[in-house]
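To start, the structure under review is shown below, and the notes come after it.
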Amino acid sequence: MLSTPPILPAKQRIRQAFDQAATTYDAAADVQREVCDRLAGYFEQIDTDFQPAAILEAGCGTGYGARWLQRCWPYAELTLVDFAPGMLMASKIHCPQARPVCADIEALPFANQRFDLYWSSLAWQWNDPERCLVEAGRVLRPGGMLAVATLGTDNFPELRHAFAEIDAYSHVLSIPTPERLLASCQAGGWAMNVWQRQTVRRYYPDLRLLLRRVKAVGAREVEQRRPAPFGRAAWQAVTARYEQLREPWGLPLTYDVVWLIAQGPIVGEQHDRCAASLFLETERG
Ligand SMILES: C[S@@+](CC[C@H](N)C(=O)[O-])C[C@H]1O[C@@H](n2cnc3c(N)ncnc32)[C@H](O)[C@@H]1O
């Protein structure tokens with residue numbers, strides 16, 4: 001039986017949104033798939049001999065990344081963590097050999113140095129990424145590998161534009177600048193293998209379908225909630241502002257994606273920080 005961990009109110013809402021999205025997620029998650037596939041692709045490029053005995057997939061969702069991890073390292077012990085029980089149950093169906101744990105990735109219920117590989121795709125941005133990094137460092141053995149895809153500050157600029165001037169509330173998740181995360185990695189002694197920042201864009205025929213797609217993957221919670229829903233006039237204003245951005249392919253929605261692969265500090269041993277590694281500059285467009 002999966003028990004539910006205690007979580008703060010804002011997190012409670014985020015968790016509820018993902019829990020409710022568990023049944024619609026897979027059909028709508030093409031961007032999430034692309035981001036995860038690219039994380040896997042970067043990982044394959046850097047280290048072909050890596051043989052982790054214990055792997056943690058943090059924020060596993062319905063288990064797409066977990067399936068890739070299991071295919072690559074079928075004999076490794078695979079632990080799946082998610083705080084949304086619905087997601088975790090779906091991942092268990094897709095990955096029956098893995099161990100599901102309902103927990104918060106900012107406060108993992110595992111001993112220090114428990115894992116050889118920490119994997120997370122598109123979960124850190126819902127949290128404090130620096131806190132996630134500290135927890136990852138704690139549960140990884142010295143020299144263990146970290147592979148993370150997360151989002152940057154410029155995520156969903158079109159939604160920001162559409163909702164600006166409508167009211168005083170923030171309607172899009174605020175994400176700390178990725179440079180802070182990079183600085184924390186470097187200060188924490190992580191040896192960076194990959195740091196890549198790039199936009200991923202999709203187009204939708206109209207705003208209704210676009211928002212439905214975003215909601216279907218659970219990404220609907222922001223920090224500030226309006227006390228009352230929008231009326232018809234407010235929605236018309238939002239739609240008109242979004243329409244200003246229409247391109248020949250439809251209404252754009254842009255993800256600001258960051259991929260990070262790093263090796264944890266090895267006490268008493270000097271990493272050659274960038275040599276023999278794939279270090280990619282930030283590339284946007
Ligand atoms: C966008 S989904 C990504 C799922 C999966 N990694 C994928 O690539 O399809 C984000 C997942 O992270 C989980 N998540 C977000 N914050 C979390 C936290 N603090 N603790 C545990 N899970 C979290 C959500 O419940 C959700 O399943």
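Numbering starts fresh at 1 for the residues of each chain in the structure tokens, the chains themselves are lettered A, B, ... in the order given, and ligands are numbered from 1 as they appear.
For A:Pro109, the set of protein, DNA and RNA residues having any atom at most 10 Å away, when counting only C-alpha atoms and skipping those fewer than 6 positions along the same chain, is Pro5, Val81, Val101, Cys102, Ala103 and Val139 of chain A.
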With the cut-off set at 6 Å and counting only C-alpha atoms and all ligand atoms, tabulate each residue of chain A with an atom at most that distance from an atom of ligand 1, showing the nearest atom pair and its distance in Å to one decimal, ordered by chain and increasing number, as JSON lines.
```
{"residue": "A:Arg15", "atom": "CA", "partner": "ligand 1", "partner_atom_place_in_ligand_line": "25 (O)", "distance": 5.4}
{"residue": "A:Phe18", "atom": "CA", "partner": "ligand 1", "partner_atom_place_in_ligand_line": "25 (O)", "distance": 4.9}
{"residue": "A:Gln32", "atom": "CA", "partner": "ligand 1", "partner_atom_place_in_ligand_line": "8 (O)", "distance": 5.1}
{"residue": "A:Cys36", "atom": "CA", "partner": "ligand 1", "partner_atom_place_in_ligand_line": "8 (O)", "distance": 5.5}
{"residue": "A:Gly59", "atom": "CA", "partner": "ligand 1", "partner_atom_place_in_ligand_line": "12 (O)", "distance": 3.6}
{"residue": "A:Cys60", "atom": "CA", "partner": "ligand 1", "partner_atom_place_in_ligand_line": "6 (N)", "distance": 4.2}
{"residue": "A:Gly61", "atom": "CA", "partner": "ligand 1", "partner_atom_place_in_ligand_line": "27 (O)", "distance": 3.4}
{"residue": "A:Tyr64", "atom": "CA", "partner": "ligand 1", "partner_atom_place_in_ligand_line": "9 (O)", "distance": 5.5}
{"residue": "A:Gly65", "atom": "CA", "partner": "ligand 1", "partner_atom_place_in_ligand_line": "8 (O)", "distance": 5.9}
{"residue": "A:Asp82", "atom": "CA", "partner": "ligand 1", "partner_atom_place_in_ligand_line": "22 (N)", "distance": 3.7}
{"residue": "A:Phe83", "atom": "CA", "partner": "ligand 1", "partner_atom_place_in_ligand_line": "21 (C)", "distance": 3.9}
{"residue": "A:Ala84", "atom": "CA", "partner": "ligand 1", "partner_atom_place_in_ligand_line": "25 (O)", "distance": 4.6}
{"residue": "A:Met87", "atom": "CA", "partner": "ligand 1", "partner_atom_place_in_ligand_line": "27 (O)", "distance": 5.5}
{"residue": "A:Ala103", "atom": "CA", "partner": "ligand 1", "partner_atom_place_in_ligand_line": "21 (C)", "distance": 5.6}
{"residue": "A:Asp104", "atom": "CA", "partner": "ligand 1", "partner_atom_place_in_ligand_line": "20 (N)", "distance": 3.4}
{"residue": "A:Ile105", "atom": "CA", "partner": "ligand 1", "partner_atom_place_in_ligand_line": "20 (N)", "distance": 4.0}
{"residue": "A:Glu106", "atom": "CA", "partner": "ligand 1", "partner_atom_place_in_ligand_line": "19 (N)", "distance": 5.5}
{"residue": "A:Ser120", "atom": "CA", "partner": "ligand 1", "partner_atom_place_in_ligand_line": "6 (N)", "distance": 5.9}
{"residue": "A:Ser121", "atom": "CA", "partner": "ligand 1", "partner_atom_place_in_ligand_line": "6 (N)", "distance": 4.3}
{"residue": "A:Leu122", "atom": "CA", "partner": "ligand 1", "partner_atom_place_in_ligand_line": "3 (C)", "distance": 4.9}
{"residue": "A:Ala123", "atom": "CA", "partner": "ligand 1", "partner_atom_place_in_ligand_line": "12 (O)", "distance": 4.0}
{"residue": "A:Trp126", "atom": "CA", "partner": "ligand 1", "partner_atom_place_in_ligand_line": "16 (N)", "distance": 5.2}
{"residue": "A:Asn127", "atom": "CA", "partner": "ligand 1", "partner_atom_place_in_ligand_line": "19 (N)", "distance": 5.8}
```
Serialized selection, C-alpha atoms, as a PDB file, in the first residue's frame:
```
ATOM      1  CA  ARG A  15       0.787  17.027  -6.138  1.00  0.00           C
ATOM      2  CA  PHE A  18      -0.233  15.620 -11.059  1.00  0.00           C
ATOM      3  CA  GLN A  32       8.166  15.502 -21.810  1.00  0.00           C
ATOM      4  CA  CYS A  36      13.617  12.725 -21.484  1.00  0.00           C
ATOM      5  CA  GLY A  59       9.717  12.502 -10.055  1.00  0.00           C
ATOM      6  CA  CYS A  60       9.143   9.443 -12.213  1.00  0.00           C
ATOM      7  CA  GLY A  61       5.640  10.346 -13.428  1.00  0.00           C
ATOM      8  CA  TYR A  64       8.727   6.711 -19.214  1.00  0.00           C
ATOM      9  CA  GLY A  65      12.298   7.426 -18.077  1.00  0.00           C
ATOM     10  CA  ASP A  82       6.939  10.496  -7.004  1.00  0.00           C
ATOM     11  CA  PHE A  83       4.696  12.354  -4.560  1.00  0.00           C
ATOM     12  CA  ALA A  84       1.576  11.821  -6.712  1.00  0.00           C
ATOM     13  CA  MET A  87       1.642   8.713 -11.165  1.00  0.00           C
ATOM     14  CA  ALA A 103       7.957  10.709  -1.287  1.00  0.00           C
ATOM     15  CA  ASP A 104       9.085  14.294  -1.758  1.00  0.00           C
ATOM     16  CA  ILE A 105      12.244  14.685  -3.848  1.00  0.00           C
ATOM     17  CA  GLU A 106      13.241  17.690  -1.696  1.00  0.00           C
ATOM     18  CA  SER A 120      15.129  13.203 -12.960  1.00  0.00           C
ATOM     19  CA  SER A 121      13.315  14.626 -15.973  1.00  0.00           C
ATOM     20  CA  LEU A 122      11.082  17.697 -15.651  1.00  0.00           C
ATOM     21  CA  ALA A 123      10.394  17.474 -11.915  1.00  0.00           C
ATOM     22  CA  TRP A 126       8.231  22.396  -9.486  1.00  0.00           C
ATOM     23  CA  ASN A 127      10.533  22.604  -6.496  1.00  0.00           C
TER      24      ASN A 127
END
```
Alpha helix (DSSP H) positions in stretch 32-225 of chain A, given as a PyMOL selection string: chain A and resi 32-46+64-72+85-94+129-139+157-163+178-187+207-216
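The coordinates place atom CA of A:Ala27 at 11.6 Å from atom CA of A:Val214.
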As a compact mmCIF listing (two decimals) with C-alpha atoms, in the first residue's frame, please: the residues near A:Ala237 (cut-off 12 Å, only C-alpha atoms, same-chain neighbours under 3 positions excluded).
```txt
# COMPACT_ATOMS: atom_id res chain seq x y z
CA HIS A 161 2.53 37.68 -22.34
CA ALA A 162 -1.11 36.62 -22.66
CA PHE A 163 -1.85 36.92 -18.93
CA ALA A 164 0.14 40.12 -18.35
CA GLU A 165 -2.04 43.17 -17.60
CA ILE A 166 -5.11 40.99 -16.99
CA ASP A 167 -4.73 41.04 -13.22
CA LEU A 207 -5.74 28.66 -26.87
CA PHE A 230 -11.77 34.43 -14.87
CA GLY A 231 -14.95 35.81 -16.38
CA ARG A 232 -15.72 35.84 -20.11
CA ALA A 233 -14.22 39.33 -20.69
CA ALA A 234 -10.92 38.36 -19.05
CA ALA A 240 -6.65 38.33 -27.94
CA ARG A 241 -3.20 38.85 -26.43
CA TYR A 242 -2.16 35.29 -27.24
CA GLU A 243 -3.44 35.69 -30.80
CA GLN A 244 -0.90 38.52 -31.26
```
As a PyMOL selection string, please: the residues near A:Leu209 (cut-off 12 Å, only C-alpha atoms, same-chain neighbours under 6 positions excluded). chain A and resi 28+202-203+215-216+239+250-253
Could you turn the residues from that selection into a file that holds C-alpha atoms, as a short mmCIF file (atom, residue, chain, number, x, y, z; two decimals), in the first residue's frame?
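Saved result, again.cif, follows:
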```cif
data_model
loop_
_atom_site.label_atom_id
_atom_site.label_comp_id
_atom_site.auth_asym_id
_atom_site.auth_seq_id
_atom_site.Cartn_x
_atom_site.Cartn_y
_atom_site.Cartn_z
CA ALA A 28 -0.33 14.56 -23.93
CA ARG A 202 5.04 23.30 -29.96
CA TYR A 203 2.16 24.87 -31.91
CA LYS A 215 -3.45 20.76 -17.99
CA ALA A 216 -3.42 17.16 -19.23
CA THR A 239 -7.11 35.07 -26.03
CA GLY A 250 -0.43 28.07 -34.96
CA LEU A 251 -0.12 29.45 -31.42
CA PRO A 252 3.39 28.78 -30.08
CA LEU A 253 4.22 27.46 -26.62
#
```
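Closest approach to A:Asn193 among A:Val257, A:Leu173, A:Ala262, A:Ala149: A:Ala262, based on only C-alpha atoms.
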Assign secondary structure with DSSP using the backbone only, and return the residues of stretch 23-208 of chain A in strand (DSSP E) as an MDAnalysis selection string. chainID A and resid 54:58 77:82 99:102 115:121 140:151 191:204
Given the selection you just returned, output its residues as a file containing N, CA and C atoms, formatted as a compact mmCIF listing (two decimals), in the first residue's frame.
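The file below, result25.txt, is the result:
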```
# COMPACT_ATOMS: atom_id res chain seq x y z
N ALA A 54 22.55 0.76 -8.19
CA ALA A 54 21.30 1.30 -7.62
C ALA A 54 20.98 2.63 -8.28
N ILE A 55 19.76 2.73 -8.82
CA ILE A 55 19.35 3.93 -9.57
C ILE A 55 18.11 4.53 -8.91
N LEU A 56 18.11 5.85 -8.80
CA LEU A 56 16.92 6.55 -8.31
C LEU A 56 16.34 7.38 -9.45
N GLU A 57 15.05 7.21 -9.74
CA GLU A 57 14.36 8.06 -10.72
C GLU A 57 13.44 8.97 -9.90
N ALA A 58 13.80 10.28 -9.85
CA ALA A 58 13.14 11.23 -8.94
C ALA A 58 12.07 12.03 -9.70
N GLU A 77 19.19 -2.15 -9.27
CA GLU A 77 18.00 -1.95 -8.43
C GLU A 77 17.45 -0.55 -8.76
N LEU A 78 16.20 -0.52 -9.20
CA LEU A 78 15.62 0.75 -9.65
C LEU A 78 14.54 1.21 -8.67
N THR A 79 14.72 2.41 -8.10
CA THR A 79 13.74 2.97 -7.17
C THR A 79 13.06 4.15 -7.83
N LEU A 80 11.74 4.15 -7.84
CA LEU A 80 10.96 5.23 -8.46
C LEU A 80 10.31 6.08 -7.38
N VAL A 81 10.55 7.39 -7.43
CA VAL A 81 9.94 8.28 -6.44
C VAL A 81 9.02 9.27 -7.13
N ASP A 82 7.84 9.43 -6.58
CA ASP A 82 6.94 10.50 -7.00
C ASP A 82 6.03 10.79 -5.82
N ARG A 99 10.98 -0.47 -7.61
CA ARG A 99 10.39 -0.25 -6.28
C ARG A 99 9.79 1.16 -6.24
N PRO A 100 8.46 1.29 -6.10
CA PRO A 100 7.87 2.63 -6.05
C PRO A 100 7.87 3.18 -4.62
N VAL A 101 8.24 4.46 -4.48
CA VAL A 101 8.24 5.09 -3.16
C VAL A 101 7.54 6.44 -3.28
N CYS A 102 6.48 6.61 -2.51
CA CYS A 102 5.74 7.88 -2.54
C CYS A 102 6.44 8.85 -1.59
N PHE A 115 22.66 5.63 -3.72
CA PHE A 115 22.49 5.37 -5.17
C PHE A 115 23.76 5.70 -5.97
N ASP A 116 23.86 5.04 -7.13
CA ASP A 116 24.97 5.32 -8.05
C ASP A 116 24.56 6.30 -9.14
N LEU A 117 23.26 6.32 -9.44
CA LEU A 117 22.75 7.22 -10.49
C LEU A 117 21.45 7.86 -10.00
N TYR A 118 21.40 9.19 -10.07
CA TYR A 118 20.18 9.95 -9.76
C TYR A 118 19.67 10.51 -11.08
N TRP A 119 18.43 10.17 -11.42
CA TRP A 119 17.86 10.56 -12.71
C TRP A 119 16.57 11.34 -12.46
N SER A 120 16.38 12.46 -13.15
CA SER A 120 15.13 13.20 -12.96
C SER A 120 14.83 14.03 -14.21
N SER A 121 13.67 13.86 -14.78
CA SER A 121 13.31 14.63 -15.97
C SER A 121 12.03 15.43 -15.73
N LEU A 140 23.49 10.27 -3.36
CA LEU A 140 24.42 9.66 -4.32
C LEU A 140 25.73 9.30 -3.61
N ARG A 141 26.30 8.18 -4.00
CA ARG A 141 27.62 7.84 -3.48
C ARG A 141 28.65 8.81 -4.07
N PRO A 142 29.79 8.96 -3.42
CA PRO A 142 30.82 9.84 -3.99
C PRO A 142 31.16 9.39 -5.41
N GLY A 143 31.16 10.34 -6.32
CA GLY A 143 31.46 10.02 -7.71
C GLY A 143 30.26 9.49 -8.48
N GLY A 144 29.09 9.43 -7.84
CA GLY A 144 27.88 8.98 -8.53
C GLY A 144 27.44 9.98 -9.59
N MET A 145 26.56 9.52 -10.49
CA MET A 145 26.16 10.37 -11.61
C MET A 145 24.78 10.99 -11.39
N LEU A 146 24.69 12.26 -11.80
CA LEU A 146 23.45 13.02 -11.73
C LEU A 146 23.01 13.34 -13.15
N ALA A 147 21.77 13.02 -13.51
CA ALA A 147 21.26 13.35 -14.85
C ALA A 147 19.89 13.99 -14.67
N VAL A 148 19.80 15.27 -15.03
CA VAL A 148 18.57 16.03 -14.75
C VAL A 148 18.17 16.87 -15.95
N ALA A 149 16.88 16.87 -16.24
CA ALA A 149 16.33 17.86 -17.17
C ALA A 149 15.35 18.71 -16.37
N THR A 150 15.47 20.02 -16.50
CA THR A 150 14.56 20.90 -15.78
C THR A 150 14.23 22.10 -16.67
N LEU A 151 13.51 23.06 -16.13
CA LEU A 151 13.12 24.21 -16.96
C LEU A 151 13.80 25.48 -16.46
N ALA A 191 31.44 17.65 -11.05
CA ALA A 191 32.18 17.75 -12.32
C ALA A 191 31.15 17.74 -13.44
N MET A 192 31.05 18.84 -14.17
CA MET A 192 29.99 18.99 -15.17
C MET A 192 30.34 18.24 -16.45
N ASN A 193 29.45 17.38 -16.86
CA ASN A 193 29.61 16.69 -18.14
C ASN A 193 28.78 17.36 -19.23
N VAL A 194 27.57 17.72 -18.87
CA VAL A 194 26.68 18.36 -19.84
C VAL A 194 25.93 19.51 -19.16
N TRP A 195 25.94 20.65 -19.82
CA TRP A 195 25.06 21.76 -19.41
C TRP A 195 24.51 22.34 -20.70
N GLN A 196 23.27 22.08 -20.96
CA GLN A 196 22.69 22.49 -22.22
C GLN A 196 21.36 23.19 -21.94
N ARG A 197 21.19 24.37 -22.52
CA ARG A 197 19.91 25.08 -22.37
C ARG A 197 19.39 25.39 -23.76
N GLN A 198 18.18 24.93 -24.05
CA GLN A 198 17.64 25.10 -25.40
C GLN A 198 16.11 25.16 -25.33
N THR A 199 15.54 25.86 -26.26
CA THR A 199 14.07 25.93 -26.26
C THR A 199 13.48 24.75 -27.05
N VAL A 200 12.33 24.31 -26.58
CA VAL A 200 11.54 23.29 -27.29
C VAL A 200 10.16 23.92 -27.50
N ARG A 201 9.69 23.92 -28.73
CA ARG A 201 8.44 24.65 -29.03
C ARG A 201 7.41 23.73 -29.67
N ARG A 202 6.16 23.98 -29.31
CA ARG A 202 5.04 23.30 -29.96
C ARG A 202 4.03 24.35 -30.41
N TYR A 203 3.18 23.95 -31.39
CA TYR A 203 2.16 24.87 -31.91
C TYR A 203 0.78 24.25 -31.76
N TYR A 204 -0.20 25.08 -31.46
CA TYR A 204 -1.57 24.61 -31.23
C TYR A 204 -2.53 25.47 -32.05
```
When you look at A:Ala90 with a cut-off of 8 Å (counting only C-alpha atoms), what residues show up, excluding the ones that are within fewer than 6 positions of it in the same chain? I need them as a PDB file with N, CA and C atoms, in the first residue's frame.
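Saved file part11.pdb follows:
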```
ATOM      1  N   ALA A  22      -2.683  11.826 -13.904  1.00  0.00           N
ATOM      2  CA  ALA A  22      -2.019  10.531 -14.154  1.00  0.00           C
ATOM      3  C   ALA A  22      -2.650   9.765 -15.318  1.00  0.00           C
ATOM      4  N   GLY A  61       6.857  10.267 -12.625  1.00  0.00           N
ATOM      5  CA  GLY A  61       5.640  10.346 -13.428  1.00  0.00           C
ATOM      6  C   GLY A  61       5.116   8.953 -13.736  1.00  0.00           C
ATOM      7  N   THR A  62       4.708   8.734 -14.983  1.00  0.00           N
ATOM      8  CA  THR A  62       4.133   7.435 -15.341  1.00  0.00           C
ATOM      9  C   THR A  62       5.197   6.400 -15.721  1.00  0.00           C
ATOM     10  N   GLY A  63       6.476   6.754 -15.595  1.00  0.00           N
ATOM     11  CA  GLY A  63       7.530   5.747 -15.731  1.00  0.00           C
ATOM     12  C   GLY A  63       8.192   5.672 -17.096  1.00  0.00           C
TER      13      GLY A  63
END
```
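Using only C-alpha atoms for every distance, the candidate list A:Leu69, A:Val238, A:Leu108, A:Leu211 yields A:Leu69 as the residue closest to A:Cys95.
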